[in-house]
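Have a look at start29.cif; it's mmCIF, C-alpha atoms and all ligand atoms:
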```cif
data_protein
#
loop_
_atom_site.label_atom_id
_atom_site.label_comp_id
_atom_site.auth_asym_id
_atom_site.auth_seq_id
_atom_site.Cartn_x
_atom_site.Cartn_y
_atom_site.Cartn_z
CA MET A 155 -4.88 33.22 -31.64
CA ILE A 156 -8.45 33.19 -32.97
CA LYS A 157 -8.43 34.08 -36.65
CA ARG A 158 -10.97 34.03 -39.42
CA PHE A 159 -9.61 33.85 -42.94
CA ILE A 160 -10.91 33.22 -46.42
CA MET A 161 -8.80 31.38 -48.99
CA LEU A 162 -9.60 32.80 -52.40
CA GLY A 163 -8.32 31.68 -55.79
CA ALA A 164 -9.35 29.81 -58.90
CA PRO A 165 -9.84 26.02 -58.78
CA GLY A 166 -6.49 24.24 -58.68
CA VAL A 167 -4.31 27.01 -57.23
CA GLY A 168 -3.63 24.95 -54.11
CA LYS A 169 -6.04 26.62 -51.66
CA GLY A 170 -7.05 23.32 -50.07
CA THR A 171 -3.46 22.14 -49.58
CA GLN A 172 -2.39 25.42 -48.00
CA ALA A 173 -5.53 25.62 -45.87
CA ASN A 174 -4.86 22.12 -44.53
CA LYS A 175 -1.32 23.05 -43.53
CA LEU A 176 -2.45 26.27 -41.85
CA ALA A 177 -5.27 24.46 -40.06
CA ASP A 178 -2.81 21.83 -38.73
CA ASP A 179 -0.29 24.39 -37.56
CA PHE A 180 -2.64 26.95 -36.03
CA GLU A 181 -5.68 24.89 -35.04
CA TRP A 182 -8.08 26.83 -37.20
CA LYS A 183 -10.89 24.79 -38.67
CA HIS A 184 -10.51 24.22 -42.42
CA ILE A 185 -13.91 24.41 -44.05
CA SER A 186 -13.90 23.46 -47.71
CA THR A 187 -17.30 23.87 -49.33
CA GLY A 188 -16.21 21.64 -52.24
CA ASP A 189 -15.37 18.86 -49.72
CA MET A 190 -18.69 19.38 -47.92
CA LEU A 191 -20.60 19.02 -51.18
CA ARG A 192 -18.60 16.01 -52.39
CA GLU A 193 -19.17 14.28 -49.05
CA ALA A 194 -22.91 14.89 -49.34
CA MET A 195 -22.76 13.46 -52.88
CA ARG A 196 -20.84 10.39 -51.70
CA LYS A 197 -23.46 9.82 -49.01
CA ASP A 198 -26.16 10.43 -51.60
CA ASN A 199 -28.13 12.45 -49.03
CA PRO A 200 -30.76 15.08 -50.00
CA VAL A 201 -28.17 17.89 -50.22
CA GLY A 202 -25.89 15.64 -52.27
CA ARG A 203 -28.66 14.84 -54.72
CA GLN A 204 -29.62 18.51 -54.97
CA VAL A 205 -26.08 19.72 -55.78
CA LYS A 206 -24.69 16.86 -57.90
CA GLY A 207 -25.67 18.28 -61.29
CA TYR A 208 -24.12 21.67 -60.58
CA VAL A 209 -20.89 20.24 -59.16
CA ASP A 210 -20.41 17.69 -61.97
CA ARG A 211 -20.93 20.39 -64.61
CA GLY A 212 -18.64 22.86 -62.85
CA ASP A 213 -21.48 25.35 -62.27
CA LEU A 214 -22.03 27.16 -59.00
CA VAL A 215 -24.56 25.73 -56.57
CA PRO A 216 -27.32 28.33 -55.97
CA ASP A 217 -26.43 31.00 -53.42
CA ASP A 218 -29.31 30.41 -51.00
CA LEU A 219 -28.42 26.74 -50.51
CA MET A 220 -24.69 27.45 -50.14
CA ILE A 221 -25.26 30.29 -47.70
CA GLN A 222 -27.51 28.15 -45.52
CA LEU A 223 -25.00 25.26 -45.52
CA VAL A 224 -22.04 27.44 -44.61
CA MET A 225 -23.79 29.53 -41.95
CA ASN A 226 -24.99 26.34 -40.24
CA ARG A 227 -21.46 24.96 -40.36
CA LEU A 228 -19.87 28.10 -38.92
CA GLU A 229 -22.22 27.94 -35.94
CA GLU A 230 -20.77 24.58 -34.91
CA ASP A 231 -18.49 24.44 -31.90
CA ASP A 232 -15.29 23.49 -33.70
CA CYS A 233 -15.23 26.86 -35.54
CA ARG A 234 -15.02 29.00 -32.45
CA HIS A 235 -11.18 28.94 -32.34
CA GLY A 236 -11.08 30.34 -35.85
CA PHE A 237 -11.61 29.09 -39.35
CA LEU A 238 -10.29 29.09 -42.86
CA LEU A 239 -13.00 29.14 -45.45
CA ASP A 240 -11.91 27.46 -48.68
CA GLY A 241 -14.28 27.76 -51.67
CA PHE A 242 -16.67 30.19 -49.98
CA PRO A 243 -17.64 32.90 -50.75
CA ARG A 244 -17.73 32.55 -54.52
CA THR A 245 -20.18 35.36 -55.26
CA VAL A 246 -20.58 38.88 -53.93
CA LEU A 247 -23.96 37.91 -52.44
CA GLN A 248 -22.28 35.07 -50.48
CA ALA A 249 -19.60 37.53 -49.30
CA LYS A 250 -22.21 40.03 -48.12
CA LYS A 251 -24.17 37.36 -46.25
CA LEU A 252 -20.97 36.18 -44.59
CA ASP A 253 -20.20 39.77 -43.51
CA THR A 254 -23.65 40.09 -41.96
CA PHE A 255 -23.36 36.72 -40.23
CA LEU A 256 -19.97 37.60 -38.72
CA HIS A 257 -21.04 41.10 -37.78
CA ASP A 258 -24.14 39.77 -36.02
CA SER A 259 -22.02 37.37 -34.01
CA GLY A 260 -19.58 40.15 -33.06
CA HIS A 261 -16.69 38.98 -35.25
CA ASP A 262 -14.65 40.30 -38.15
CA LEU A 263 -12.67 38.72 -40.94
CA ASP A 264 -8.91 38.89 -40.43
CA GLY A 265 -7.94 38.57 -44.07
CA VAL A 266 -8.58 37.12 -47.50
CA ILE A 267 -5.65 35.10 -48.80
CA SER A 268 -5.80 35.00 -52.58
CA ILE A 269 -3.44 32.51 -54.23
CA GLU A 270 -2.84 33.32 -57.88
CA ILE A 271 -1.27 31.31 -60.72
CA PRO A 272 -1.65 31.50 -64.53
CA ASN A 273 -4.57 29.61 -66.14
CA GLU A 274 -2.28 27.29 -68.21
CA GLU A 275 -0.70 26.04 -64.98
CA ILE A 276 -4.16 25.49 -63.45
CA VAL A 277 -5.31 23.34 -66.38
CA LYS A 278 -2.09 21.33 -66.13
CA ARG A 279 -2.40 20.80 -62.38
CA LEU A 280 -6.08 19.90 -62.42
CA SER A 281 -5.83 17.48 -65.29
CA GLN A 282 -3.20 15.57 -63.27
CA ARG A 283 -5.23 15.52 -60.06
CA LEU A 284 -6.62 12.25 -58.73
CA VAL A 285 -9.06 11.65 -55.92
CA CYS A 286 -10.06 8.72 -53.70
CA LYS A 287 -13.66 7.75 -54.44
CA ASP A 288 -14.13 6.58 -50.87
CA CYS A 289 -12.57 9.23 -48.62
CA GLY A 290 -12.04 12.17 -51.01
CA HIS A 291 -8.24 12.38 -50.47
CA MET A 292 -6.60 14.28 -53.38
CA MET A 293 -3.37 13.15 -55.04
CA LYS A 294 -1.14 14.13 -57.92
CA GLY A 295 -1.17 11.66 -60.82
CA ASN A 296 -0.86 12.07 -64.56
CA ASP A 297 -3.24 12.90 -67.41
CA SER A 298 -4.64 9.40 -67.79
CA PRO A 299 -6.68 7.87 -64.94
CA ALA A 300 -4.60 5.55 -62.78
CA LYS A 301 -5.73 1.96 -63.16
CA GLU A 302 -4.29 0.18 -60.15
CA MET A 303 -3.74 3.03 -57.75
CA VAL A 304 -5.22 2.72 -54.28
CA CYS A 305 -5.67 5.51 -51.77
CA PRO A 306 -2.69 5.72 -49.36
CA LEU A 307 -5.07 6.70 -46.53
CA CYS A 308 -8.00 4.28 -46.82
CA LYS A 309 -7.03 1.88 -49.67
CA GLY A 310 -10.08 3.07 -51.57
CA ILE A 311 -10.37 3.33 -55.36
CA VAL A 312 -8.44 6.22 -56.93
CA THR A 313 -10.11 8.00 -59.80
CA LYS A 314 -10.39 11.42 -61.46
CA ARG A 315 -12.94 14.00 -60.32
CA ILE A 316 -15.66 14.30 -62.97
CA ASP A 317 -15.18 18.08 -62.87
CA ASP A 318 -11.42 17.72 -63.52
CA GLU A 319 -11.97 16.75 -67.18
CA PRO A 320 -10.38 19.41 -69.47
CA ASP A 321 -13.67 20.89 -70.80
CA THR A 322 -15.13 21.15 -67.31
CA ILE A 323 -11.90 22.67 -65.97
CA ARG A 324 -12.13 25.39 -68.64
CA HIS A 325 -15.78 25.94 -67.74
CA ARG A 326 -14.94 26.24 -64.02
CA LEU A 327 -12.24 28.80 -64.81
CA LYS A 328 -14.75 30.80 -66.86
CA VAL A 329 -17.26 30.64 -63.99
CA TYR A 330 -14.50 31.78 -61.61
CA GLU A 331 -13.65 34.75 -63.83
CA GLU A 332 -17.29 35.72 -64.27
CA ARG A 333 -18.59 35.22 -60.75
CA THR A 334 -15.76 35.08 -58.25
CA GLN A 335 -13.08 37.43 -59.50
CA SER A 336 -15.20 40.45 -58.51
CA LEU A 337 -14.59 39.38 -54.92
CA ILE A 338 -11.01 40.59 -55.27
CA GLU A 339 -12.24 44.18 -55.66
CA TYR A 340 -14.80 43.63 -52.91
CA TYR A 341 -12.14 42.62 -50.39
CA GLN A 342 -9.56 45.11 -51.68
CA SER A 343 -12.04 47.87 -50.85
CA LYS A 344 -12.23 46.50 -47.30
CA ASN A 345 -8.42 46.28 -47.01
CA LEU A 346 -8.57 42.55 -46.41
CA TYR A 347 -7.06 41.28 -49.67
CA ILE A 348 -3.67 39.54 -49.42
CA ARG A 349 -2.25 38.41 -52.80
CA ILE A 350 0.04 35.38 -52.79
CA ASP A 351 2.02 34.27 -55.83
CA GLY A 352 1.25 30.53 -56.07
CA MET A 353 4.02 29.64 -58.55
CA ASP A 354 6.27 27.86 -56.07
CA SER A 355 6.54 24.57 -54.19
CA ILE A 356 3.91 23.79 -51.53
CA ASP A 357 6.36 24.80 -48.79
CA GLY A 358 7.44 27.90 -50.70
CA VAL A 359 3.84 29.13 -51.05
CA TYR A 360 3.23 28.30 -47.39
CA ARG A 361 6.21 30.43 -46.34
CA ARG A 362 4.85 33.33 -48.40
CA ILE A 363 1.48 33.06 -46.68
CA ILE A 364 3.00 32.92 -43.19
CA HIS A 365 5.19 35.90 -44.02
CA ALA A 366 2.29 37.91 -45.47
CA LEU A 367 0.14 37.20 -42.40
CA GLY A 368 2.98 38.07 -40.05
CA ILE A 369 2.58 34.84 -38.07
CA SER A 370 4.90 31.92 -37.33
P1 LIG B 1 -14.10 23.18 -55.24
O1 LIG B 1 -13.71 21.88 -54.67
O2 LIG B 1 -13.95 24.35 -54.29
O3 LIG B 1 -13.46 23.47 -56.58
O4 LIG B 1 -15.68 23.10 -55.51
C1 LIG B 1 -16.22 22.13 -56.37
C2 LIG B 1 -17.60 22.56 -56.83
O5 LIG B 1 -18.48 22.72 -55.70
C3 LIG B 1 -17.67 23.89 -57.55
O6 LIG B 1 -17.31 23.77 -58.93
C4 LIG B 1 -19.14 24.24 -57.38
O7 LIG B 1 -19.96 23.46 -58.21
C5 LIG B 1 -19.41 23.77 -55.94
N1 LIG B 1 -19.16 24.84 -54.94
C6 LIG B 1 -18.23 24.81 -53.94
N2 LIG B 1 -18.29 25.93 -53.21
C7 LIG B 1 -19.29 26.68 -53.72
C8 LIG B 1 -19.83 27.97 -53.41
N3 LIG B 1 -19.33 28.71 -52.42
N4 LIG B 1 -20.85 28.42 -54.18
C9 LIG B 1 -21.36 27.69 -55.18
N5 LIG B 1 -20.90 26.48 -55.54
C10 LIG B 1 -19.86 25.97 -54.83
#
```

Structure encoded using structure tokens:
Amino acid sequence: MIKRFIMLGAPGVGKGTQANKLADDFEWKHISTGDMLREAMRKDNPVGRQVKGYVDRGDLVPDDLMIQLVMNRLEEDDCRHGFLLDGFPRTVLQAKKLDTFLHDSGHDLDGVISIEIPNEEIVKRLSQRLVCKDCGHMMKGNDSPAKEMVCPLCKGIVTKRIDDEPDTIRHRLKVYEERTQSLIEYYQSKNLYIRIDGMDSIDGVYRRIIHALGIS
């Protein structure tokens, strides 16, 4: 079952977690642009150095760079059985370029899964989120950075994402409202928009997605 989906939703709604589960169960490739950028930053390669300021501040990386990165990625072999894009598109220009790219390669989008939760819950979730400095694995913690926690996957150092500080979280939510929310109308007009209430457990939200997509 080759499928091409977008996961839409503000930072912290659980897009990445749900995309990972879907990717495991259905063998679609999970492509998280945030993960791609953070990996480039960890490697300190030219892309990483170019995007670091934007990512740390919670601003959007310029469209032309993001579009080039994602189009190159989608051309790779592992995307041909389907993909779940998480964190892209974030602007209408990115969405239009993605449409053209898919159209030119003879494909269509199957749906846009938009997970929605209230902003207060987002701030709470993100301020409790921890990340492994070495492998990028995300974990739930508490408001203060964990001192002795090590990553359960690689034993790396656990810390907080710089962009998960409360002021930056609020800025990212503002950027989402200003730049990304218009994508809801864009995809509604194409009949692709699937709204999912994200106020539930991970498994509960997953069941809602599976039900809404009519798959199992
Ligand atoms: P995320 O992990 O999806 O919250 O992304 C973290 C950060 O990466 C964002 O706050 C942006 O700075 C940057 N980013 C990720 N995806 C995009 C995109 N599609 N367009 C522009 N910037 C992006």

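The residue that comes closest to Met161 (chain A), out of A:Gly212, A:Gly265, A:Gly368, A:Gly310 and on the basis of all atoms listed in the file, is A:Gly265.
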
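Around ligand LIG 1 (chain B), the neighbouring residues within 6 Å, taking all atoms listed in the file, come to Pro165, Thr187, Gly188, Tyr208, Val209, Gly212, Asp213, Leu214, Val215, Met220, Gly241, Phe242, Pro243 and Arg244 of chain A.
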
Checklist entry - Which one of A:Met155, A:Leu280, A:Ile185, A:Ile369 sits closest to Met292 (chain A) if you count all atoms listed in the file? => result A:Leu280

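In this comparison, which uses all atoms listed in the file, the residue of A:Glu275, A:Asp357, A:Asp198, A:Asp288 approaching Cys308 (chain A) most closely is A:Asp288.
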
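Atom to atom, CA of Asp321 (chain A) and CA of Val277 (chain A) stand 9.8 Å apart.
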
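The closest residue to Val285 (chain A), picked from A:Leu307, A:Leu247, A:Val266, A:Val312 and counting only C-alpha atoms, is A:Val312.
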
Next on the checklist: As an exercise, work out the distance from CA of Gln172 (chain A) to CA of Lys197 (chain A) in Å and give it to one decimal place.
Outcome noted: 26.2 Å

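Closest approach to Glu319 (chain A) among A:Lys278, A:Lys175, A:Arg361, A:His291 is made by A:Lys278 (distances from all atoms listed in the file).
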
Item to check | Gap from CA of Leu284 (chain A) to CA of Asp178 (chain A) - Å, one decimal | outcome: 22.5 Å

Checklist entry - Can you list, as an MDAnalysis selection string, every protein, DNA or RNA residue that comes within 6 Å of Gly236 (chain A) when you count only C-alpha atoms, leaving out same-chain residues fewer than 5 positions away? => result chainID A and resid 156:158 182

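The protein and nucleic acid residues lying at most 10 Å from region 349-351 of chain A are Leu162, Gly163, Val167, Val266, Ile267, Ser268, Ile269, Glu270, Ile271, Pro272, Ile338, Gln342, Gly358, Val359, Tyr360, Arg362, Ile363 and Ala366 of chain A, with only C-alpha atoms considered and sequence neighbours fewer than 6 positions away removed.
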
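In terms of minimum interatomic distance to Lys328 (chain A), A:Asn273 ranks closest within A:Gly202, A:Asp232, A:Asn273, A:Leu191, counting only C-alpha atoms.
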
Checklist entry - Excluding same-chain residues fewer than 6 positions from Lys309 (chain A), what lies within 10 Å of it counting only C-alpha atoms, as a PyMOL selection string? => result chain A and resi 286+288-289+303
